[in-house]
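A short write-up of the structure that comes next.
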Amino acid sequence: MKIRKTSRKLTVSLMLVALAGALLAGCGSNKDSASPDGASSPTTGKEEKQIKLRVATSFAGSDPWVASWTDAVQSFQDANPNITIVDESTPVNQEALRTKVKADAATGNLADVLFYFNGSETKMLQETGAIVSWEDELAKDPEWAGTFNAAILDKVKYDGKLYSLPYIGFYEGLFWNKELFDKHQLEAPTTFDAFMKAVDTFAANDLIPFATSLTTPYIQEALVLSQVGPEGQQLAYDPSWAPALNIIKDLSDRKAFPRDALTLDDDKAQALFSGGKAAMMFNGSWTAVGLSANPAIQIAPFPLVPGGKGENMIVSGFGSGWYMKKNEDQAQYDAALAFIKYMTSPDVAGTFAAVGGTYAVKTADTGSTAPLLKAGNEMVAQAKDFVMPIDSYVSRESYTDFLKGLGYLANGKKTAEEVLEQAKKLSDRNQG
């Protein structure tokens with residue numbers, strides 16, 4: 001997405017002037033500290049220290065916010081010529097970002113700023129002792145703190161501390177192609193009966209009913225929540241999940257999935273749906289920016305399964321946030337703080353919001369939000385309840401095994417009970 005730069009320059013400049021004042025005041029006796037707008041320190045007359053700021057995020061590869069991110073980084077550097085952003089952003093797919101951050105944490109080489117997963121992932125970063133807890137900085141700047149939704153800040157704390165500043169929220173929903181449904185005279189898949197009828201009809205007409213990868217099967221999130229509700233979903237790998245997982249086997253038997261679903265990755269599954277080769281897809285709000293180009297694409301909560309407890313409930317939350325390293329170098333610390341304040345400002349956050357997602361900070365309206373994005377936010381607003389995804393509160397090892405097990409389940413190689421039992425053993429072992 002191309003961001004309108006002209007209307008932003010004055011806002012960016014004014015904001016950075018304000019940040020400069022705040023940072024100079026906060027430095028106190030540190031007379032060699034740099035102001036974030038690149039001007040020489042008025043107390044010393046010296047040129048500012050040149051700073052290289054390492055920043056690691058998920059805004060890379062096919063991520064929909066890459067253009068917004070690139071533009072924001074450039075604008076920040078233009079206004080702060082003494083600060084160079086070393087962009088170490090890495091795609092989320094294939095565990096690339098996790099691999100990088102884990103390696104950096106293990107070697108004591110964390111980036112100055114990270115936009116990274118929270119929840120169970122925060123533990124690894126917290127245990128390094130190298131990341132900031134945000135309470136003090138928020139208290140120092142009430143105006144900045146006031147741009148955040150306080151309730152959301154409270155939800156993403158780890159061990160009672162706020163290490164990750166929430167930013168872009170997400171939701172998962174059932175995307176469906178109204179044009180294909182109308183062509184085959186099918187009702188919207190808002191009930192389970194209508195959903196299953198659509199699966200059978202499209203399969204009989206040589207159209208993929210449901211685009212998914214069985215290596216990253218988002219549909220299991222929807223089925224488990226629909227089956228057991230929010231409280232049951234928190235019981236990791238509980239036997240009560242078995243009926244939901246058995247639906248995956250039923251869907252596989254009905255030829256609901258692509259033939260190569262066991263080797264297909266999520267990007268290719270999305271391409272099948274966006275290209276009109278599949279009628280439905282359960283996925284996240286991060287896909288909405290690309291799907292918005294087709295006005296036939298609709299979104300709805302996954303329907304309630306027979307006997308289920310999760311009616312009109314969705315997987316949604318803030319699974320990533322801004323972390324900052326505890327730099328002993330004050331100028332380095334101040335530059336990182338200025339960068340995060342810039343990224344979370346309403347003006348910049350507004351350009352990200354126009355691409356998709358829900359936000360924990362106030363956002364300026366760019367007037368360019370696509371109808372599908374608005375529909376997704378309306379779905380969130382109307383939901384009875386929402387939960388974080390399963391992988392946000394279980395060990396990575398157990399979840400990886402769980403996903404592998406679903407592939408075996410879909411092909412009749414394992415039962416739902418066997419998949420859950422194995423994942424539970426790994427989960428219990430890691431907790432112990």
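Within each chain, counting starts at residue 1; across the structure tokens, chains are named A, B, ... in the order shown, with ligands numbered 1 upward in that order.
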Problem set entry | Picked from stretch 155-272 of chain A by DSSP as helix (DSSP H, G or I), as a ChimeraX atom specification | /A:155,178-183,192-204,219-233,239-253,266-272
Once you count only C-alpha atoms, what closest atom pair and distance in Å to one decimal does each residue of stretch 361-403 of chain A within 12 Å of stretch 227-250 of chain A have, with rows by chain and rising residue number, as a Markdown table?
```
| residue | atom | partner | partner_atom | distance |
| --- | --- | --- | --- | --- |
| A:Lys384 | CA | A:Pro230 | CA | 10.4 |
| A:Asp385 | CA | A:Pro230 | CA | 7.6 |
| A:Phe386 | CA | A:Pro230 | CA | 7.4 |
| A:Val387 | CA | A:Pro230 | CA | 6.4 |
| A:Met388 | CA | A:Gln234 | CA | 9.3 |
| A:Pro389 | CA | A:Gln233 | CA | 8.9 |
| A:Ile390 | CA | A:Gln233 | CA | 7.5 |
| A:Asp391 | CA | A:Ala236 | CA | 9.6 |
| A:Ser392 | CA | A:Gln234 | CA | 10.4 |
| A:Tyr393 | CA | A:Gln234 | CA | 8.3 |
| A:Val394 | CA | A:Ala236 | CA | 7.1 |
| A:Ser395 | CA | A:Ala236 | CA | 10.1 |
| A:Ser398 | CA | A:Tyr237 | CA | 9.5 |
| A:Tyr399 | CA | A:Tyr237 | CA | 9.5 |
| A:Asp401 | CA | A:Tyr237 | CA | 11.4 |
| A:Phe402 | CA | A:Tyr237 | CA | 8.7 |
| A:Leu403 | CA | A:Leu245 | CA | 11.1 |
```
Could you produce a table of the residues of stretch 207-271 of chain A lying within 12 Å of stretch 56-68 of chain A, with the nearest pair of atoms per residue and their separation in Å rounded to one decimal, using only C-alpha atoms, ordered by chain and increasing residue number, as a Markdown table?
```
| residue | atom | partner | partner_atom | distance |
| --- | --- | --- | --- | --- |
| A:Asp266 | CA | A:Ser62 | CA | 11.4 |
| A:Asp267 | CA | A:Ser62 | CA | 8.6 |
| A:Lys268 | CA | A:Ser62 | CA | 11.7 |
| A:Gln270 | CA | A:Ser62 | CA | 11.6 |
| A:Ala271 | CA | A:Ser62 | CA | 12.0 |
```
Residues as selected, N, CA, C and O atoms, written as a compact mmCIF listing (two decimals), in the first residue's frame, can you do that?
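So result39.txt came out as:
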```
# COMPACT_ATOMS: atom_id res chain seq x y z
N ASP A 266 0.92 -22.01 4.07
CA ASP A 266 -0.23 -21.13 4.24
C ASP A 266 -0.34 -20.09 3.13
O ASP A 266 -1.44 -19.74 2.70
N ASP A 267 0.78 -19.59 2.65
CA ASP A 267 0.74 -18.60 1.56
C ASP A 267 0.07 -19.17 0.31
O ASP A 267 -0.71 -18.49 -0.36
N LYS A 268 0.38 -20.43 0.01
CA LYS A 268 -0.22 -21.06 -1.17
C LYS A 268 -1.70 -21.36 -0.95
O LYS A 268 -2.49 -21.28 -1.89
N GLN A 270 -3.66 -19.49 0.87
CA GLN A 270 -4.30 -18.19 0.67
C GLN A 270 -4.46 -17.87 -0.81
O GLN A 270 -5.47 -17.32 -1.24
N ALA A 271 -3.44 -18.23 -1.60
CA ALA A 271 -3.49 -17.95 -3.04
C ALA A 271 -4.61 -18.73 -3.71
O ALA A 271 -5.26 -18.23 -4.65
```
Distance table requested - stretch 144-188 of chain A against stretch 128-137 of chain A, cut-off 9 Å, only C-alpha atoms: one row per qualifying residue with the closest atom pair and its distance in Å to one decimal, ordered by chain and rising residue number, as a tab-separated table.
```
residue	atom	partner	partner_atom	distance
A:Ala145	CA	A:Glu137	CA	8.6
A:Lys161	CA	A:Ser133	CA	6.3
A:Leu162	CA	A:Ser133	CA	5.4
A:Tyr163	CA	A:Ser133	CA	4.6
A:Ser164	CA	A:Trp134	CA	7.7
A:Leu165	CA	A:Trp134	CA	7.6
```
For this session: Taking the DSSP assignment computed from this structure's backbone, write out as a PyMOL selection string all residues of stretch 52-84 of chain A that belong to strand (DSSP E).
Result: chain A and resi 52-56+83-84
May I have the selected residues written with N, CA, C and O atoms, as a PDB file, in the first residue's frame?
```
ATOM      1  N   LYS A  52      23.341   3.724  15.574  1.00  0.00           N
ATOM      2  CA  LYS A  52      22.777   2.642  14.769  1.00  0.00           C
ATOM      3  C   LYS A  52      21.819   1.861  15.658  1.00  0.00           C
ATOM      4  O   LYS A  52      22.218   1.340  16.697  1.00  0.00           O
ATOM      5  N   LEU A  53      20.553   1.816  15.247  1.00  0.00           N
ATOM      6  CA  LEU A  53      19.509   1.195  16.046  1.00  0.00           C
ATOM      7  C   LEU A  53      19.064  -0.094  15.367  1.00  0.00           C
ATOM      8  O   LEU A  53      18.483  -0.065  14.282  1.00  0.00           O
ATOM      9  N   ARG A  54      19.352  -1.216  15.991  1.00  0.00           N
ATOM     10  CA  ARG A  54      18.939  -2.501  15.432  1.00  0.00           C
ATOM     11  C   ARG A  54      17.476  -2.755  15.789  1.00  0.00           C
ATOM     12  O   ARG A  54      17.093  -2.671  16.956  1.00  0.00           O
ATOM     13  N   VAL A  55      16.677  -3.046  14.766  1.00  0.00           N
ATOM     14  CA  VAL A  55      15.251  -3.253  14.969  1.00  0.00           C
ATOM     15  C   VAL A  55      14.841  -4.558  14.286  1.00  0.00           C
ATOM     16  O   VAL A  55      15.085  -4.746  13.089  1.00  0.00           O
ATOM     17  N   ALA A  56      14.228  -5.457  15.043  1.00  0.00           N
ATOM     18  CA  ALA A  56      13.779  -6.745  14.505  1.00  0.00           C
ATOM     19  C   ALA A  56      12.261  -6.835  14.622  1.00  0.00           C
ATOM     20  O   ALA A  56      11.704  -6.710  15.719  1.00  0.00           O
ATOM     21  N   ILE A  83      20.322   9.070  13.421  1.00  0.00           N
ATOM     22  CA  ILE A  83      19.903   7.708  13.768  1.00  0.00           C
ATOM     23  C   ILE A  83      19.723   6.890  12.494  1.00  0.00           C
ATOM     24  O   ILE A  83      18.953   7.260  11.606  1.00  0.00           O
ATOM     25  N   THR A  84      20.430   5.801  12.418  1.00  0.00           N
ATOM     26  CA  THR A  84      20.289   4.860  11.301  1.00  0.00           C
ATOM     27  C   THR A  84      19.585   3.612  11.801  1.00  0.00           C
ATOM     28  O   THR A  84      20.035   2.986  12.770  1.00  0.00           O
TER      29      THR A  84
END
```
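When only C-alpha atoms are used to compute distances to A:Pro81, the closest of the residues A:Ala335, A:Val156, A:Ala423, A:Ala381 turns out to be A:Ala335.
Straight-line separation from atom CA of A:Gly350 to atom CA of A:Glu121: 26.9 Å.
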Can you list every residue of stretch 241-292 of chain A that has an atom at most 7 Å from stretch 198-220 of chain A, with its nearest atom pair and the distance in Å to one decimal, using only C-alpha atoms, ordered by chain then number, as a tab-separated table?
```
residue	atom	partner	partner_atom	distance
A:Leu245	CA	A:Gln220	CA	6.9
A:Arg254	CA	A:Asp200	CA	6.7
A:Lys255	CA	A:Ala203	CA	6.2
A:Ala256	CA	A:Pro209	CA	5.0
A:Phe257	CA	A:Phe210	CA	5.3
A:Pro258	CA	A:Ile208	CA	6.1
A:Ala261	CA	A:Ser213	CA	4.8
A:Leu262	CA	A:Leu214	CA	5.1
A:Thr263	CA	A:Thr215	CA	6.9
A:Leu264	CA	A:Ser213	CA	5.3
A:Asp265	CA	A:Ser213	CA	5.5
A:Asp266	CA	A:Ser213	CA	5.5
A:Ala269	CA	A:Thr212	CA	5.3
A:Gln270	CA	A:Ala211	CA	6.9
A:Leu272	CA	A:Ala211	CA	6.5
A:Phe273	CA	A:Ala211	CA	6.0
A:Lys277	CA	A:Ile208	CA	6.3
A:Ala278	CA	A:Ile208	CA	4.5
A:Ala279	CA	A:Pro209	CA	5.1
A:Met280	CA	A:Phe210	CA	4.7
A:Met281	CA	A:Ala211	CA	5.0
A:Phe282	CA	A:Ile219	CA	5.8
A:Asn283	CA	A:Tyr218	CA	6.2
```
Fewer than 6 positions away in the same chain doesn't count, so skip those; otherwise give me all residues within 12 Å of A:Lys100, counting only C-alpha atoms, as a compact mmCIF listing (two decimals) with C-alpha atoms, in the first residue's frame.
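So the final result, stored in around.txt, reads:
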```
# COMPACT_ATOMS: atom_id res chain seq x y z
CA ALA A 56 13.78 -6.74 14.51
CA THR A 57 10.13 -7.12 13.47
CA SER A 58 7.84 -9.37 11.47
CA GLU A 88 16.57 -6.92 10.85
CA SER A 89 12.93 -7.69 10.11
CA THR A 90 12.29 -11.35 9.33
CA PRO A 91 9.18 -13.13 8.01
CA VAL A 92 7.04 -15.03 10.50
CA GLN A 94 8.54 -21.10 8.59
CA ALA A 106 20.77 -17.08 23.63
CA THR A 107 23.89 -15.18 22.56
CA ASN A 109 22.68 -10.11 21.15
CA LEU A 110 19.06 -8.87 21.23
CA ALA A 111 18.11 -6.03 18.90
CA LEU A 114 11.70 -5.82 18.73
CA TYR A 116 7.70 -9.84 18.59
```
Seminar exercise, completed: Expressed in Å, the length from atom CA of A:Phe192 to atom CA of A:Glu378 is 21.2 Å
